[in-house]
$ cat query_27.cif   # mmCIF, C-alpha atoms
data_work
loop_
_atom_site.label_atom_id
_atom_site.label_comp_id
_atom_site.auth_asym_id
_atom_site.auth_seq_id
_atom_site.Cartn_x
_atom_site.Cartn_y
_atom_site.Cartn_z
CA MET A 2 11.85 -27.04 -26.41
CA ASN A 3 11.72 -25.21 -29.76
CA LEU A 4 13.62 -22.03 -30.65
CA ALA A 5 10.69 -19.68 -29.92
CA GLU A 6 10.14 -21.19 -26.48
CA ASP A 7 13.85 -21.05 -25.75
CA THR A 8 13.98 -17.35 -26.73
CA LEU A 9 10.99 -16.50 -24.52
CA THR A 10 12.57 -18.35 -21.62
CA LYS A 11 15.83 -16.43 -21.97
CA GLU A 12 14.13 -13.04 -22.29
CA ALA A 13 11.61 -13.52 -19.49
CA PRO A 14 12.39 -11.31 -16.48
CA PRO A 15 13.20 -13.08 -13.22
CA ARG A 16 10.18 -13.75 -11.05
CA GLN A 17 9.93 -11.81 -7.81
CA THR A 18 9.74 -13.66 -4.56
CA LEU A 19 6.84 -13.06 -2.18
CA PRO A 20 9.05 -11.05 0.25
CA GLN A 21 10.21 -8.85 -2.64
CA ILE A 22 6.62 -8.23 -3.73
CA ARG A 23 5.58 -7.36 -0.19
CA LYS A 24 8.58 -5.04 0.19
CA GLU A 25 7.63 -3.12 -2.96
CA GLU A 26 3.99 -2.93 -1.87
CA THR A 27 4.99 -1.55 1.53
CA ARG A 28 7.30 0.99 -0.07
CA ALA A 29 4.55 2.15 -2.42
CA ARG A 30 2.10 2.41 0.50
CA LEU A 31 4.62 4.50 2.43
CA LEU A 32 5.12 6.90 -0.46
CA GLU A 33 1.38 7.30 -0.91
CA ALA A 34 0.92 7.94 2.81
CA ALA A 35 3.82 10.39 2.94
CA GLN A 36 2.42 12.29 -0.02
CA LYS A 37 -0.92 12.71 1.77
CA VAL A 38 0.68 13.74 5.07
CA PHE A 39 3.08 16.23 3.47
CA ALA A 40 0.24 17.76 1.47
CA LEU A 41 -1.96 18.06 4.56
CA TYR A 42 0.57 19.29 7.13
CA GLY A 43 3.51 20.58 5.09
CA PHE A 44 7.03 19.21 5.32
CA ASP A 45 8.02 20.79 8.63
CA ALA A 46 4.90 19.75 10.57
CA ALA A 47 4.73 16.26 9.10
CA SER A 48 6.33 13.55 11.22
CA VAL A 49 7.53 10.02 10.68
CA SER A 50 4.92 8.88 13.22
CA LEU A 51 2.09 10.45 11.21
CA ILE A 52 3.35 8.92 7.98
CA ALA A 53 3.73 5.47 9.53
CA ALA A 54 0.23 5.67 11.01
CA GLU A 55 -1.26 6.74 7.67
CA ALA A 56 0.48 3.80 5.99
CA GLY A 57 -0.66 1.41 8.72
CA ILE A 58 2.83 0.24 9.67
CA SER A 59 5.26 0.79 12.54
CA LYS A 60 7.96 3.45 12.60
CA GLY A 61 10.53 0.68 12.67
CA ALA A 62 9.13 -0.78 9.45
CA LEU A 63 9.22 2.67 7.86
CA TYR A 64 12.91 3.03 8.63
CA VAL A 65 13.60 -0.25 6.85
CA HIS A 66 12.63 1.49 3.60
CA PHE A 67 13.53 5.16 4.26
CA ASP A 68 16.00 6.53 6.78
CA SER A 69 14.19 9.87 7.25
CA LYS A 70 11.24 11.95 6.18
CA GLU A 71 13.68 13.87 3.95
CA ALA A 72 14.35 10.63 2.07
CA LEU A 73 10.61 10.12 1.59
CA PHE A 74 10.15 13.66 0.35
CA ARG A 75 13.08 13.29 -2.05
CA GLU A 76 11.52 10.14 -3.51
CA ILE A 77 8.19 11.92 -4.02
CA LEU A 78 9.96 14.86 -5.61
CA LEU A 79 11.92 12.55 -7.91
CA SER A 80 8.67 10.97 -9.07
CA TYR A 81 7.30 14.46 -9.74
CA VAL A 82 10.41 15.34 -11.78
CA GLN A 83 10.11 12.19 -13.84
CA ARG A 84 6.40 12.70 -14.51
CA ARG A 85 6.82 16.34 -15.46
CA SER A 86 9.82 15.65 -17.71
CA ALA A 87 8.02 12.74 -19.38
CA ALA A 88 4.91 14.84 -19.94
CA THR A 89 7.00 17.55 -21.59
CA ALA A 90 9.09 15.19 -23.73
CA ALA A 91 6.07 13.17 -24.88
CA ARG A 92 4.56 16.23 -26.53
CA LEU A 93 7.66 17.38 -28.40
CA GLY A 94 7.63 15.15 -31.48
CA PRO A 95 9.45 16.54 -34.55
CA GLY A 96 6.42 16.22 -36.82
CA VAL A 97 4.16 18.46 -34.72
CA PRO A 98 3.71 22.04 -36.06
CA LEU A 99 5.23 24.74 -33.85
CA ARG A 100 1.96 26.30 -32.69
CA GLU A 101 0.41 22.95 -31.86
CA ALA A 102 3.57 21.80 -30.08
CA ILE A 103 3.62 24.88 -27.84
CA VAL A 104 -0.05 24.37 -26.92
CA GLN A 105 0.61 20.70 -26.14
CA ILE A 106 3.61 21.57 -23.97
CA ILE A 107 1.53 23.97 -21.87
CA GLU A 108 -1.42 21.57 -21.66
CA GLY A 109 0.91 18.77 -20.56
CA ALA A 110 2.46 20.93 -17.85
CA TRP A 111 -0.96 21.89 -16.51
CA THR A 112 -2.09 18.26 -16.52
CA ILE A 113 0.61 17.42 -13.97
CA HIS A 114 -0.86 20.00 -11.59
CA GLN A 115 -4.48 19.02 -12.16
CA ASP A 116 -4.30 15.24 -11.99
CA GLY A 117 -6.30 15.13 -8.78
CA THR A 118 -3.51 13.76 -6.59
CA SER A 119 -2.04 15.22 -3.43
CA CYS A 120 1.20 15.73 -5.36
CA THR A 121 -0.57 18.69 -6.92
CA LEU A 122 -0.76 20.34 -3.49
CA LEU A 123 2.86 19.46 -2.81
CA SER A 124 4.22 21.54 -5.68
CA THR A 125 3.89 24.64 -3.49
CA GLU A 126 5.79 22.83 -0.74
CA PHE A 127 8.53 22.01 -3.26
CA PHE A 128 9.02 25.71 -3.94
CA ALA A 129 8.92 26.56 -0.24
CA LEU A 130 11.59 24.00 0.63
CA ALA A 131 13.83 25.36 -2.11
CA GLY A 132 14.07 28.57 -0.13
CA ARG A 133 14.67 26.89 3.24
CA SER A 134 17.18 24.11 2.64
CA ASP A 135 20.11 23.20 0.43
CA TRP A 136 18.71 19.79 -0.43
CA GLY A 137 15.34 21.31 -1.31
CA ARG A 138 17.08 23.84 -3.52
CA ASP A 139 19.07 21.11 -5.26
CA ALA A 140 15.93 19.05 -5.78
CA MET A 141 14.04 21.94 -7.36
CA ALA A 142 17.05 22.72 -9.53
CA SER A 143 16.88 19.19 -10.88
CA ILE A 144 13.26 19.76 -11.93
CA PHE A 145 14.15 22.92 -13.81
CA ASP A 146 17.21 21.32 -15.40
CA HIS A 147 15.28 18.26 -16.63
CA CYS A 148 12.47 20.34 -18.10
CA SER A 149 14.84 22.92 -19.56
CA LEU A 150 16.84 20.26 -21.39
CA ALA A 151 13.69 18.85 -22.98
CA LEU A 152 12.62 22.33 -24.09
CA ILE A 153 16.10 23.18 -25.38
CA ARG A 154 16.12 20.05 -27.55
CA PHE A 155 12.71 20.99 -28.89
CA LEU A 156 13.73 24.59 -29.65
CA ASP A 157 16.99 23.55 -31.29
CA GLY A 158 15.11 21.10 -33.49
CA ALA A 159 12.59 23.78 -34.45
CA LYS A 160 15.49 26.08 -35.36
CA GLU A 161 16.90 23.45 -37.69
CA ARG A 162 13.49 23.17 -39.36
CA GLY A 163 13.35 26.93 -39.81
CA GLU A 164 10.38 27.42 -37.46
CA VAL A 165 12.18 29.31 -34.68
CA ARG A 166 14.33 32.41 -35.04
CA ALA A 167 18.03 31.62 -35.33
CA ASP A 168 18.96 34.47 -32.97
CA ILE A 169 16.89 33.03 -30.12
CA ASP A 170 18.97 31.53 -27.31
CA SER A 171 17.33 28.16 -26.61
CA ALA A 172 18.51 27.92 -22.99
CA THR A 173 17.25 31.39 -22.10
CA THR A 174 13.96 30.80 -23.89
CA ALA A 175 13.44 27.48 -22.10
CA ARG A 176 13.91 29.18 -18.73
CA LEU A 177 11.49 31.95 -19.69
CA MET A 178 8.87 29.37 -20.69
CA LEU A 179 9.26 27.62 -17.34
CA ALA A 180 9.07 30.92 -15.46
CA LEU A 181 5.87 31.88 -17.28
CA HIS A 182 4.23 28.56 -16.49
CA ASP A 183 5.41 28.15 -12.89
CA GLY A 184 4.57 31.74 -12.02
CA LEU A 185 1.00 31.19 -13.15
CA VAL A 186 0.85 27.90 -11.25
CA LEU A 187 1.74 29.71 -8.03
CA GLN A 188 -1.01 32.26 -8.67
CA TRP A 189 -3.50 29.49 -9.38
CA GLN A 190 -2.59 27.65 -6.17
CA THR A 191 -2.99 30.78 -4.05
CA GLN A 192 -6.07 32.10 -5.90
CA PRO A 193 -7.82 29.00 -7.31
CA ASP A 194 -11.17 30.76 -7.59
CA ASP A 195 -9.70 33.55 -9.70
CA ILE A 196 -7.47 31.53 -12.04
CA ASP A 197 -8.81 29.13 -14.66
CA PRO A 198 -5.75 27.35 -16.08
CA LYS A 199 -7.50 26.41 -19.32
CA ALA A 200 -8.22 30.06 -20.04
CA TYR A 201 -4.50 30.81 -20.08
CA ILE A 202 -3.33 28.09 -22.46
CA ALA A 203 -4.07 30.05 -25.65
CA PRO A 204 -2.69 33.43 -24.41
CA MET A 205 0.49 31.80 -23.09
CA SER A 206 0.96 29.97 -26.37
CA GLU A 207 0.54 33.16 -28.36
CA MET A 208 3.06 35.02 -26.18
CA ILE A 209 5.67 32.31 -26.67
CA ILE A 210 5.06 31.95 -30.40
CA ALA A 211 5.21 35.73 -30.89
CA TYR A 212 8.67 35.70 -29.32
CA ILE A 213 10.22 32.65 -31.00
CA SER A 214 8.55 32.21 -34.37
CA VAL A 215 10.39 33.26 -37.56
CA ARG A 216 7.05 34.48 -38.88
CA ASN A 217 7.05 37.20 -36.26
CA THR A 218 10.55 38.46 -37.03
CA ALA A 219 10.65 42.08 -38.16
CA PRO A 220 11.84 42.51 -41.79
#

$ encode --input "query_27.cif" --output "C-alpha cells"
Amino acid sequence: MNLAEDTLTKEAPPRQTLPQIRKEETRARLLEAAQKVFALYGFDAASVSLIAAEAGISKGALYVHFDSKEALFREILLSYVQRRSAATAARLGPGVPLREAIVQIIEGAWTIHQDGTSCTLLSTEFFALAGRSDWGRDAMASIFDHCSLALIRFLDGAKERGEVRADIDSATTARLMLALHDGLVLQWQTQPDDIDPKAYIAPMSEMIIAYISVRNTAP
C-alpha cells in the first residue's frame, strides 16, 4: 500500500452497519411523518398513534427513537433553528455591500418559510407553543438567540468597516430586525392572499438601512 492509499484508508469514515442504516432511515421517516401530522392537526391534537401510522411503524418502534411527541417536536424545531441560522449566516459574508447584504438576509429568511415543506406551516405552531409551555418558550428563545448572534456579528463587522453607525446597539438592532421579519411572517400566514412576501423585501431593506447606515446619519 502506498502513502496516498494509506492516508485515504486512515481518513475514511467508518462504514455503517445495516442495522444502523435502517435505524437512521426509520428516524428520518418518523420526523417527516411527525412534521406532517403536527402541521395538519397542531401539536395538542396530534398523537403518537397518528404519527406512527403516518410513518408506517408501530407505536413501540416509535418509542425506540423518541420517548414522546414533545421529543419529536423538539427535534423538528432544532432542525428549523439550524436551517434558519445557516440561511442567515450564509448570506453575511464580509465582502458583500451593506445594502445587498440586508436584502440577502431578508430573502434568506423568507426562503425558509416558502420552501414548500410542512415545516413552513409549523412556524405558527412554534410561536403558539411558546405561549403555552416552558419548553416551547425555551425552544423559541433558542431560535431568536441563534439568529440574533449571527446578525450581531454581521452588524459589528459592518461597524468596523464604517458602514453602520457607531452609536447603533447591535444587539437591539438585531432584535428589531427579527421582530420586523417575524411580525410580517405572522401576517402572511394569517392573510396569505393579502401579503406577497417578495413585495416587502425592498421596503424592509430600506427601513433597516435608513436606521443603521452611516450615510443616513444627520450631520

$ resolve_selection --input "query_27.cif" --expression "the PyMOL selection byres ((chain A and resi 144) around 9)" --output "PyMOL selection string"
chain A and resi 78-79+81-83+85-86+139-143+145-149

$ write_last_selection --input "query_27.cif" --atoms "C-alpha atoms" --output "compact mmCIF listing (two decimals), in the frame of the given file"
# COMPACT_ATOMS: atom_id res chain seq x y z
CA LEU A 78 9.96 14.86 -5.61
CA LEU A 79 11.92 12.55 -7.91
CA TYR A 81 7.30 14.46 -9.74
CA VAL A 82 10.41 15.34 -11.78
CA GLN A 83 10.11 12.19 -13.84
CA ARG A 85 6.82 16.34 -15.46
CA SER A 86 9.82 15.65 -17.71
CA ASP A 139 19.07 21.11 -5.26
CA ALA A 140 15.93 19.05 -5.78
CA MET A 141 14.04 21.94 -7.36
CA ALA A 142 17.05 22.72 -9.53
CA SER A 143 16.88 19.19 -10.88
CA PHE A 145 14.15 22.92 -13.81
CA ASP A 146 17.21 21.32 -15.40
CA HIS A 147 15.28 18.26 -16.63
CA CYS A 148 12.47 20.34 -18.10
CA SER A 149 14.84 22.92 -19.56

$ closest_residue --input "query_27.cif" --among "A:Asp194, A:Asp183, A:Asp45, A:Asp68" --to "Glu126 (chain A)" --atoms "all atoms listed in the file"
A:Asp45

$ residues_near_point --input "query_27.cif" --point "(18.0, 26.2, -30.1)" --cutoff "7 Å" --atoms "all atoms listed in the file" --output "PyMOL selection string"
chain A and resi 153-154+156-158+160+169-171

$ resolve_selection --input "query_27.cif" --expression "the PyMOL selection byres ((chain A and resi 104) around 9)" --output "number ranges by chain"
A: 99-103, 105-109, 202-203, 205-207

$ atom_distance --input "query_27.cif" --atom1 "CA of Pro98 (chain A)" --atom2 "CA of Tyr212 (chain A)"
16.0 Å

$ resolve_selection --input "query_27.cif" --expression "the PyMOL selection byres ((chain A and resi 38-40) around 12)" --output "PyMOL selection string"
chain A and resi 31-37+41-56+70-71+73-75+77-78+118-127+130

$ closest_residue --input "query_27.cif" --among "A:Val165, A:Ile210, A:Trp111, A:Pro204" --to "His182 (chain A)" --atoms "only C-alpha atoms"
A:Trp111

$ atom_distance --input "query_27.cif" --atom1 "CA of Leu187 (chain A)" --atom2 "CA of Ala72 (chain A)"
25.0 Å

$ axis_aligned_box --input "query_27.cif" --around "region 128-146 of chain A" --padding-each-side "3 Å" --output "lines of an AutoDock Vina configuration file"
center_x = 14.5
center_y = 23.8
center_z = -6.1
size_x = 17.2
size_y = 15.5
size_z = 24.6

$ atom_distance --input "query_27.cif" --atom1 "CA of Tyr201 (chain A)" --atom2 "CA of Val215 (chain A)"
23.1 Å

$ closest_residue --input "query_27.cif" --among "A:Gly57, A:Ala110, A:Glu26, A:Ser69" --to "Met178 (chain A)" --atoms "only C-alpha atoms"
A:Ala110

$ closest_residue --input "query_27.cif" --among "A:Arg16, A:Gln192, A:Val186, A:Ile209" --to "Phe128 (chain A)" --atoms "only C-alpha atoms"
A:Val186

$ closest_residue --input "query_27.cif" --among "A:Ala172, A:Ala159, A:Ala200, A:Ala87" --to "Leu185 (chain A)" --atoms "only C-alpha atoms"
A:Ala200
